[in-house]
$ cat query.cif   # mmCIF, C-alpha atoms
data_upload
#
loop_
_atom_site.group_PDB
_atom_site.id
_atom_site.type_symbol
_atom_site.label_atom_id
_atom_site.label_comp_id
_atom_site.auth_asym_id
_atom_site.auth_seq_id
_atom_site.Cartn_x
_atom_site.Cartn_y
_atom_site.Cartn_z
ATOM 1 C CA MET A 46 -66.425 -3.869 29.332
ATOM 2 C CA PRO A 47 -65.801 -0.180 28.697
ATOM 3 C CA ASP A 48 -63.284 1.601 30.882
ATOM 4 C CA GLU A 49 -65.767 4.324 31.656
ATOM 5 C CA ILE A 50 -69.261 3.661 32.959
ATOM 6 C CA ALA A 51 -71.494 6.631 33.726
ATOM 7 C CA GLY A 52 -68.490 8.927 34.124
ATOM 8 C CA MET A 53 -66.676 6.697 36.623
ATOM 9 C CA THR A 54 -63.331 5.259 35.597
ATOM 10 C CA ARG A 55 -61.554 2.404 37.313
ATOM 11 C CA SER A 56 -59.060 4.774 38.894
ATOM 12 C CA ASN A 57 -61.852 6.911 40.353
ATOM 13 C CA PRO A 58 -61.857 6.721 44.188
ATOM 14 C CA MET A 59 -65.673 6.785 44.257
ATOM 15 C CA PHE A 60 -65.783 3.721 41.977
ATOM 16 C CA ARG A 61 -63.449 1.885 44.339
ATOM 17 C CA LYS A 62 -65.643 2.729 47.302
ATOM 18 C CA ILE A 63 -68.706 1.423 45.505
ATOM 19 C CA VAL A 64 -66.912 -1.814 44.577
ATOM 20 C CA THR A 65 -65.798 -2.182 48.190
ATOM 21 C CA LEU A 66 -69.341 -1.758 49.451
ATOM 22 C CA VAL A 67 -70.941 -4.031 46.853
ATOM 23 C CA ILE A 68 -68.429 -6.886 47.022
ATOM 24 C CA LEU A 69 -66.417 -6.798 50.223
ATOM 25 C CA VAL A 70 -69.149 -5.998 52.739
ATOM 26 C CA PRO A 71 -71.396 -8.951 51.738
ATOM 27 C CA LEU A 72 -68.325 -11.195 51.571
ATOM 28 C CA ALA A 73 -67.344 -10.163 55.102
ATOM 29 C CA ALA A 74 -70.903 -10.866 56.306
ATOM 30 C CA VAL A 75 -70.771 -14.372 54.785
ATOM 31 C CA ILE A 76 -67.375 -15.063 56.370
ATOM 32 C CA ILE A 77 -68.570 -13.888 59.796
ATOM 33 C CA ALA A 78 -71.732 -16.018 59.534
ATOM 34 C CA PHE A 79 -69.587 -19.021 58.549
ATOM 35 C CA ALA A 80 -67.276 -18.461 61.529
ATOM 36 C CA VAL A 81 -70.169 -18.207 63.977
ATOM 37 C CA ALA A 82 -71.841 -21.336 62.589
ATOM 38 C CA ASN A 83 -68.600 -23.369 62.768
ATOM 39 C CA ARG A 84 -67.068 -22.295 66.054
ATOM 40 C CA HIS A 85 -67.061 -25.746 67.698
ATOM 41 C CA GLY A 86 -63.631 -27.275 68.269
ATOM 42 C CA VAL A 87 -62.072 -30.038 66.217
ATOM 43 C CA THR A 88 -58.924 -31.997 67.003
ATOM 44 C CA VAL A 89 -56.253 -31.980 64.339
ATOM 45 C CA SER A 90 -53.779 -34.822 64.689
ATOM 46 C CA PHE A 91 -50.355 -34.774 63.044
ATOM 47 C CA ASP A 92 -49.547 -38.404 63.928
ATOM 48 C CA PRO A 93 -50.717 -40.807 61.203
ATOM 49 C CA PHE A 94 -49.741 -43.939 63.216
ATOM 50 C CA SER A 95 -51.547 -43.477 66.519
ATOM 51 C CA SER A 96 -55.023 -41.981 66.423
ATOM 52 C CA ALA A 97 -55.773 -42.890 70.074
ATOM 53 C CA ASN A 98 -52.656 -41.261 71.531
ATOM 54 C CA PRO A 99 -51.163 -38.918 68.886
ATOM 55 C CA ALA A 100 -47.670 -37.444 69.330
ATOM 56 C CA TYR A 101 -48.957 -33.973 68.465
ATOM 57 C CA SER A 102 -52.517 -32.798 68.143
ATOM 58 C CA ALA A 103 -54.247 -29.461 68.425
ATOM 59 C CA THR A 104 -57.842 -28.534 69.100
ATOM 60 C CA VAL A 105 -58.938 -25.481 67.106
ATOM 61 C CA PRO A 106 -62.286 -24.069 66.040
ATOM 62 C CA LEU A 107 -63.421 -25.471 62.698
ATOM 63 C CA PHE A 108 -63.572 -22.070 60.982
ATOM 64 C CA VAL A 109 -59.944 -21.345 61.981
ATOM 65 C CA LEU A 110 -58.870 -24.648 60.468
ATOM 66 C CA ILE A 111 -60.776 -23.924 57.252
ATOM 67 C CA PHE A 112 -59.374 -20.373 56.997
ATOM 68 C CA ILE A 113 -55.828 -21.670 57.551
ATOM 69 C CA LEU A 114 -56.312 -24.291 54.839
ATOM 70 C CA VAL A 115 -57.746 -21.715 52.410
ATOM 71 C CA VAL A 116 -54.817 -19.341 53.012
ATOM 72 C CA LEU A 117 -52.374 -22.225 52.638
ATOM 73 C CA GLY A 118 -54.072 -23.218 49.363
ATOM 74 C CA VAL A 119 -53.794 -19.656 48.040
ATOM 75 C CA VAL A 120 -50.091 -19.488 48.950
ATOM 76 C CA VAL A 121 -49.312 -22.897 47.392
ATOM 77 C CA GLY A 122 -51.350 -22.070 44.275
ATOM 78 C CA GLY A 123 -49.617 -18.704 43.914
ATOM 79 C CA ALA A 124 -46.199 -20.315 44.273
ATOM 80 C CA ALA A 125 -47.098 -22.962 41.678
ATOM 81 C CA ALA A 126 -48.334 -20.317 39.227
ATOM 82 C CA TRP A 127 -45.178 -18.241 39.795
ATOM 83 C CA LEU A 128 -42.983 -21.271 39.121
ATOM 84 C CA ARG A 129 -44.942 -22.161 35.968
ATOM 85 C CA GLN A 130 -44.437 -18.642 34.629
ATOM 86 C CA ALA A 131 -40.633 -18.739 35.040
ATOM 87 C CA HIS A 132 -40.237 -19.558 31.341
ATOM 88 C CA TRP A 133 -42.223 -16.470 30.307
ATOM 89 C CA ARG A 134 -40.346 -14.196 32.704
ATOM 90 C CA ARG A 135 -37.012 -15.497 31.360
ATOM 91 C CA ALA A 136 -38.173 -14.938 27.762
ATOM 92 C CA ALA A 137 -39.345 -11.418 28.629
ATOM 93 C CA ARG A 138 -35.953 -10.596 30.190
ATOM 94 C CA LYS A 139 -34.147 -11.910 27.107
ATOM 95 C CA LEU A 140 -36.375 -9.951 24.741
ATOM 96 C CA ASP A 141 -35.942 -6.829 26.856
ATOM 97 C CA GLY A 142 -32.158 -7.205 26.604
ATOM 98 C CA ASP A 143 -32.400 -7.747 22.846
ATOM 99 C CA ASN A 144 -34.629 -4.681 22.565
ATOM 100 C CA ARG A 145 -32.151 -2.522 24.502
ATOM 101 C CA HIS A 146 -29.272 -3.797 22.350
ATOM 102 C CA LEU A 147 -31.172 -3.035 19.133
ATOM 103 C CA LEU A 148 -32.105 0.442 20.366
ATOM 104 C CA GLN A 149 -28.431 1.183 21.101
ATOM 105 C CA GLU A 150 -27.464 -0.128 17.673
ATOM 106 C CA LEU A 151 -30.172 2.001 16.034
ATOM 107 C CA SER A 152 -28.918 5.071 17.878
ATOM 108 C CA ALA A 153 -25.346 4.420 16.704
ATOM 109 C CA VAL A 154 -26.521 3.953 13.097
ATOM 110 C CA ARG A 155 -28.501 7.193 13.267
ATOM 111 C CA GLU A 156 -25.470 9.070 14.588
ATOM 112 C CA ARG A 157 -23.318 7.652 11.760
ATOM 113 C CA LEU A 158 -25.989 8.607 9.220
ATOM 114 C CA VAL A 159 -26.099 12.186 10.505
ATOM 115 C CA ALA A 160 -22.292 12.423 10.376
ATOM 116 C CA GLU A 161 -22.153 10.983 6.849
ATOM 117 C CA THR A 162 -24.955 13.276 5.689
ATOM 118 C CA GLN A 163 -23.081 16.290 7.047
ATOM 119 C CA ARG A 164 -19.864 15.137 5.345
ATOM 120 C CA ALA A 165 -21.710 14.539 2.075
ATOM 121 C CA SER A 166 -23.341 17.963 2.154
ATOM 122 C CA ALA A 167 -19.975 19.580 2.909
ATOM 123 C CA ALA A 168 -18.368 17.677 0.008
ATOM 124 C CA GLU A 169 -21.232 18.653 -2.289
ATOM 125 C CA ALA A 170 -20.850 22.302 -1.324
ATOM 126 C CA ALA A 171 -17.087 22.085 -1.979
ATOM 127 C CA ALA A 172 -17.722 20.467 -5.393
ATOM 128 C CA ARG A 173 -20.160 23.255 -6.306
ATOM 129 C CA GLU A 174 -17.576 25.837 -5.254
ATOM 130 C CA VAL A 175 -14.891 24.164 -7.395
ATOM 131 C CA ALA A 176 -17.270 24.026 -10.377
ATOM 132 C CA ALA A 177 -18.193 27.679 -9.920
ATOM 133 C CA SER A 178 -14.523 28.722 -9.766
ATOM 134 C CA ARG A 179 -13.778 26.712 -12.972
ATOM 135 C CA ASP A 180 -16.642 28.458 -14.713
ATOM 136 C CA ARG A 181 -15.253 31.831 -13.613
ATOM 137 C CA GLU A 182 -11.749 30.900 -14.856
ATOM 138 C CA GLN A 183 -13.088 29.741 -18.224
ATOM 139 C CA THR A 184 -15.090 32.923 -18.751
ATOM 140 C CA ALA A 185 -12.054 35.021 -17.826
ATOM 141 C CA ALA A 186 -9.691 33.062 -20.135
ATOM 142 C CA THR A 187 -11.999 33.063 -23.142
ATOM 143 C CA PRO A 188 -11.655 36.232 -25.274
ATOM 144 C CA ALA A 189 -14.731 38.202 -25.898
ATOM 145 C CA LEU A 190 -16.229 37.495 -29.259
ATOM 146 C CA ALA A 191 -16.573 40.339 -31.619
ATOM 147 C CA PRO A 192 -19.938 40.937 -33.137
ATOM 148 C CA PRO A 193 -20.170 39.514 -36.604
ATOM 149 C CA THR A 194 -19.781 41.924 -39.475
ATOM 150 C CA THR A 195 -22.059 41.832 -42.400
#
$ encode --input "query.cif" --output "C-alpha cells"
Amino acid sequence: MPDEIAGMTRSNPMFRKIVTLVILVPLAAVIIAFAVANRHGVTVSFDPFSSANPAYSATVPLFVLIFILVVLGVVVGGAAAWLRQAHWRRAARKLDGDNRHLLQELSAVRERLVAETQRASAAEAAAREVAASRDREQTAATPALAPPTT
C-alpha cells in the first residue's frame, strides 16, 4: 500500500480523522448494541467445590463480564508476546553495543590515519627539501664547463 493516497499521508491529521470515523464509530456502535442486548445479570462463582453455596460469587451484567475477559485476554496475550520477544530484544541490545564499539574503533583508526598521513606528508616535504638542497650544493661545487674549442 503506498504511503500517499490522494495527497493524504499517514501522518496527516485529516487522514487520522477519516480513519477514526470509518473504523472507530461503527465499532463503538457495535459495542453499544452488544452491551444493550446483553445487559441481563449472570452470577460468576469463584468456588469450584460448592455451586449451591459458593464462598465468593458476584452477579454482573453479561457484557461487563465479556469486556473484562476480552481485556484480560489482551493483557495476557501482550505479556506472552513480550516474553517471547525477549530473545530478540537481548540480541538487538548486544548488536547495538557491538555497533557502538565498532564505531568507536573506526573513529580511532580514522584519527590515527589522519595523524600518520600528516606525518608522512611532513616527512615527504622534508625529503624534498633535503634533495633540493643537495642539488643546490652539487651545482655550486661543480665547476662551470668551458665551451668546447674547435
$ axis_aligned_box --input "query.cif" --around "region 122-132 of chain A" --padding-each-side "5 Å" --output "JSON"
{"center_x": -45.8, "center_y": -20.6, "center_z": 37.8, "size_x": 21.1, "size_y": 14.7, "size_z": 22.9}
$ residues_around --input "query.cif" --residues "Leu110 (chain A)" --least-positions-apart "3" --cutoff "12 Å" --atoms "only C-alpha atoms" --output "number ranges by chain"
A: 80, 83-89, 103-107, 113-117
$ atom_distance --input "query.cif" --atom1 "CA of Gly118 (chain A)" --atom2 "CA of Val67 (chain A)"
25.7 Å
$ atom_distance --input "query.cif" --atom1 "CA of Ala160 (chain A)" --atom2 "CA of Gly142 (chain A)"
27.3 Å
$ atom_distance --input "query.cif" --atom1 "CA of Asp141 (chain A)" --atom2 "CA of Arg155 (chain A)"
20.9 Å
